[in-house]
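query-v2.csv (CSV, C-alpha atoms) appears below.
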```csv
chain,number,residue,atom,x,y,z
A,26,MET,CA,69.2,100.7,116.1
A,27,ALA,CA,70.0,104.2,117.3
A,28,LYS,CA,73.7,105.3,117.0
A,29,GLN,CA,75.4,106.4,120.1
A,30,LYS,CA,77.3,109.6,120.4
A,31,GLY,CA,81.0,109.9,121.2
A,32,PRO,CA,83.7,107.2,121.7
A,33,VAL,CA,82.3,104.1,123.3
A,34,LEU,CA,84.3,100.9,124.1
A,35,GLY,CA,87.3,102.0,122.1
A,36,ARG,CA,85.3,102.7,118.9
A,37,TRP,CA,86.9,106.0,118.3
A,38,LEU,CA,88.4,105.5,114.8
A,39,THR,CA,85.1,104.8,113.0
A,40,PHE,CA,81.5,105.5,113.5
A,41,PRO,CA,80.0,104.5,116.9
A,42,THR,CA,77.9,101.6,115.6
A,43,LEU,CA,77.6,99.5,118.6
A,44,PRO,CA,77.2,96.6,119.2
A,45,ALA,CA,78.8,95.7,115.8
A,46,SER,CA,81.3,97.5,113.6
A,47,CYS,CA,80.0,99.2,110.5
A,48,HIS,CA,81.6,97.3,107.7
A,49,LEU,CA,82.8,94.0,109.2
A,50,GLU,CA,79.6,93.7,111.3
A,51,ILE,CA,81.6,92.1,114.2
A,52,GLU,CA,81.5,92.7,117.9
A,53,ARG,CA,84.8,91.1,118.9
A,54,ILE,CA,88.0,89.9,117.3
A,55,ASN,CA,90.9,87.8,118.7
A,56,GLN,CA,94.3,89.3,119.5
A,57,TYR,CA,96.0,87.4,116.6
A,58,VAL,CA,94.5,88.1,113.2
A,59,ILE,CA,95.4,86.9,109.7
A,60,THR,CA,94.0,89.0,106.9
A,61,GLY,CA,93.9,88.6,103.2
A,62,GLY,CA,92.2,90.2,100.2
A,63,SER,CA,90.3,87.0,99.2
A,64,HIS,CA,87.6,85.5,101.3
A,65,GLY,CA,88.3,82.2,99.5
A,66,ARG,CA,91.8,82.3,100.9
A,67,MET,CA,90.4,82.9,104.4
A,68,ARG,CA,87.9,80.0,104.0
A,69,ARG,CA,90.8,77.7,103.1
A,70,LEU,CA,92.8,78.8,106.1
A,71,ALA,CA,89.8,78.2,108.4
A,72,GLU,CA,89.9,74.5,107.4
A,73,LEU,CA,93.3,74.4,109.1
A,74,LEU,CA,92.0,75.7,112.5
A,75,ASP,CA,91.4,73.2,115.2
A,76,THR,CA,88.0,74.7,116.0
A,77,HIS,CA,86.1,77.8,114.8
A,78,ASP,CA,82.9,79.7,115.2
A,79,GLU,CA,80.4,80.0,112.4
A,80,PRO,CA,81.8,82.5,109.8
A,81,ILE,CA,80.4,86.0,109.7
A,82,ILE,CA,79.7,87.3,106.2
A,83,GLY,CA,78.1,90.7,106.3
A,84,ASP,CA,76.4,92.8,103.6
A,85,ARG,CA,79.9,93.9,102.3
A,86,GLU,CA,80.9,90.2,101.9
A,87,HIS,CA,83.9,90.3,104.3
A,88,TYR,CA,84.6,86.9,105.7
A,89,VAL,CA,85.3,86.8,109.4
A,90,VAL,CA,85.9,83.7,111.5
A,91,ASN,CA,87.2,83.3,115.1
A,92,GLY,CA,88.8,80.1,116.0
A,93,ILE,CA,91.6,78.2,117.8
A,94,TYR,CA,94.9,77.0,116.2
A,95,ARG,CA,97.1,74.9,118.5
A,96,GLY,CA,95.5,76.4,121.6
A,97,VAL,CA,95.9,80.0,120.4
A,98,PRO,CA,92.8,82.1,119.7
A,99,ILE,CA,93.0,83.5,116.1
A,100,SER,CA,90.8,85.3,113.7
A,101,LEU,CA,90.7,85.2,109.9
A,102,VAL,CA,89.4,88.3,108.1
A,103,SER,CA,89.1,89.0,104.4
A,104,THR,CA,89.8,92.7,103.7
A,105,GLY,CA,88.9,92.9,100.0
A,106,MET,CA,91.3,94.1,97.4
A,107,GLY,CA,93.8,96.9,97.8
A,108,THR,CA,95.0,99.4,100.4
A,109,SER,CA,91.8,101.4,100.3
A,110,SER,CA,89.8,98.4,101.5
A,111,CYS,CA,92.4,97.7,104.2
A,112,THR,CA,92.2,101.3,105.5
A,113,ILE,CA,88.5,100.7,106.1
A,114,VAL,CA,88.8,97.2,107.7
A,115,LEU,CA,91.9,97.5,109.8
A,116,PRO,CA,90.6,100.3,112.2
A,117,GLU,CA,87.5,98.2,112.8
A,118,LEU,CA,89.7,95.2,113.7
A,119,VAL,CA,91.6,97.3,116.2
A,120,GLU,CA,88.4,98.6,117.7
A,121,ALA,CA,86.9,95.1,118.1
A,122,SER,CA,89.9,93.7,119.8
A,123,LEU,CA,89.9,93.3,123.6
A,124,SER,CA,93.7,93.2,123.6
A,125,PRO,CA,95.9,96.4,123.5
A,126,GLU,CA,98.6,94.3,121.8
A,127,MET,CA,97.2,93.0,118.6
A,128,VAL,CA,99.2,91.1,116.0
A,129,ILE,CA,97.9,91.4,112.4
A,130,LEU,CA,99.5,89.5,109.5
A,131,ARG,CA,98.4,90.1,106.0
A,132,LEU,CA,98.7,87.4,103.4
A,133,GLY,CA,98.3,88.4,99.8
A,134,THR,CA,99.6,89.0,96.4
A,135,CYS,CA,101.4,92.0,95.0
A,136,GLY,CA,103.3,93.3,92.0
A,137,GLY,CA,106.8,94.6,92.0
A,138,LEU,CA,109.2,96.4,89.6
A,139,ARG,CA,112.5,95.2,91.1
A,140,THR,CA,114.9,93.3,88.7
A,141,TYR,CA,116.3,91.4,91.7
A,142,GLN,CA,112.9,89.9,92.6
A,143,ASN,CA,111.7,86.8,90.8
A,144,VAL,CA,108.1,85.9,90.1
A,145,GLY,CA,106.9,83.9,93.1
A,146,ALA,CA,109.4,85.5,95.6
A,147,TRP,CA,108.3,86.0,99.2
A,148,VAL,CA,108.3,89.6,100.4
A,149,VAL,CA,108.1,90.5,104.0
A,150,SER,CA,107.3,94.1,104.9
A,151,MET,CA,109.0,95.1,108.2
A,152,ASP,CA,107.4,98.5,108.7
A,153,GLU,CA,105.4,101.1,106.9
A,154,SER,CA,108.3,103.2,105.5
A,155,TYR,CA,109.3,103.1,101.9
```

Hey, can you dump this file as C-alpha cells for me?
Amino acid sequence: MAKQKGPVLGRWLTFPTLPASCHLEIERINQYVITGGSHGRMRRLAELLDTHDEPIIGDREHYVVNGIYRGVPISLVSTGMGTSSCTIVLPELVEASLSPEMVILRLGTCGGLRTYQNVGAWVVSMDESY
C-alpha cells in the first residue's frame, strides 16, 4: 500500500498510513476508550461488554476491541508497558476517533514512594501536572 502525503482524515500526529494506523492497525475507535498495559486485562474486560466485535491483534500484539456496554459504544485497548508505549498508542487512538471529545481511561498498576499510600491503594490522576 502506498503511503499518502500530508495530513489526511485527522492523521496528523503520526505517519499517514491510511486506512489503518501504523502501530494499532485500526481504522476507527469509539469515543469512550479504556486502556491498560496488559492485553490480558483488556480481554477480561471484554467479557463484561454486552456485545463486541472480533478483537484486532496486530503485529505489535496490541489488543483492540470495539463493543457496547449498557448501550454505550466503548473500546478496549492494550497499550503495552510504560509511558513510552502510551506515547505511541494514544495519538493513534485520537486520530482514529470520529469524536472530537474523546474520553480515555487508563487502568493499570504503578509504584509509589509516598509513606501515606498503602499497598493496594487506589490512585486517581486528575491532570498531567506533577

Polymer residues at most 8 Å from range 52-67 of chain A, all atoms listed in the file, same-chain spacing of 3 or more positions, as a ChimeraX atom specification: /A:43-46,70-71,87-88,91,98-107,118,121-124,126-133

May I have the residues at most 10 Å from (80.1, 78.3, 113.2) in the file's coordinates, counting all atoms listed in the file, as a ChimeraX atom specification? /A:76-81,90-92

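Look at everything within 7 Å of (75.1, 92.2, 108.5) using all atoms listed in the file, and the residues you get are A:Glu50, A:Gly83, A:Asp84.
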
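When CA of Thr108 in chain A is paired with CA of Leu138 in chain A, their separation reads 18.1 Å.
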
d(CA of His48 in chain A, CA of Val119 in chain A) in Å: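 Between these atoms lies a distance of 13.1 Å.
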
Report as a PyMOL selection string all protein, DNA and RNA residues lying within 9 Å of Arg95 in chain A, evaluated on all atoms listed in the file, omitting residues in the same chain fewer than 2 positions from it. chain A and resi 74-75+93+97-98

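Taking CA of Thr134 in chain A as the reference point, CA of Arg68 in chain A is found at 16.6 Å.
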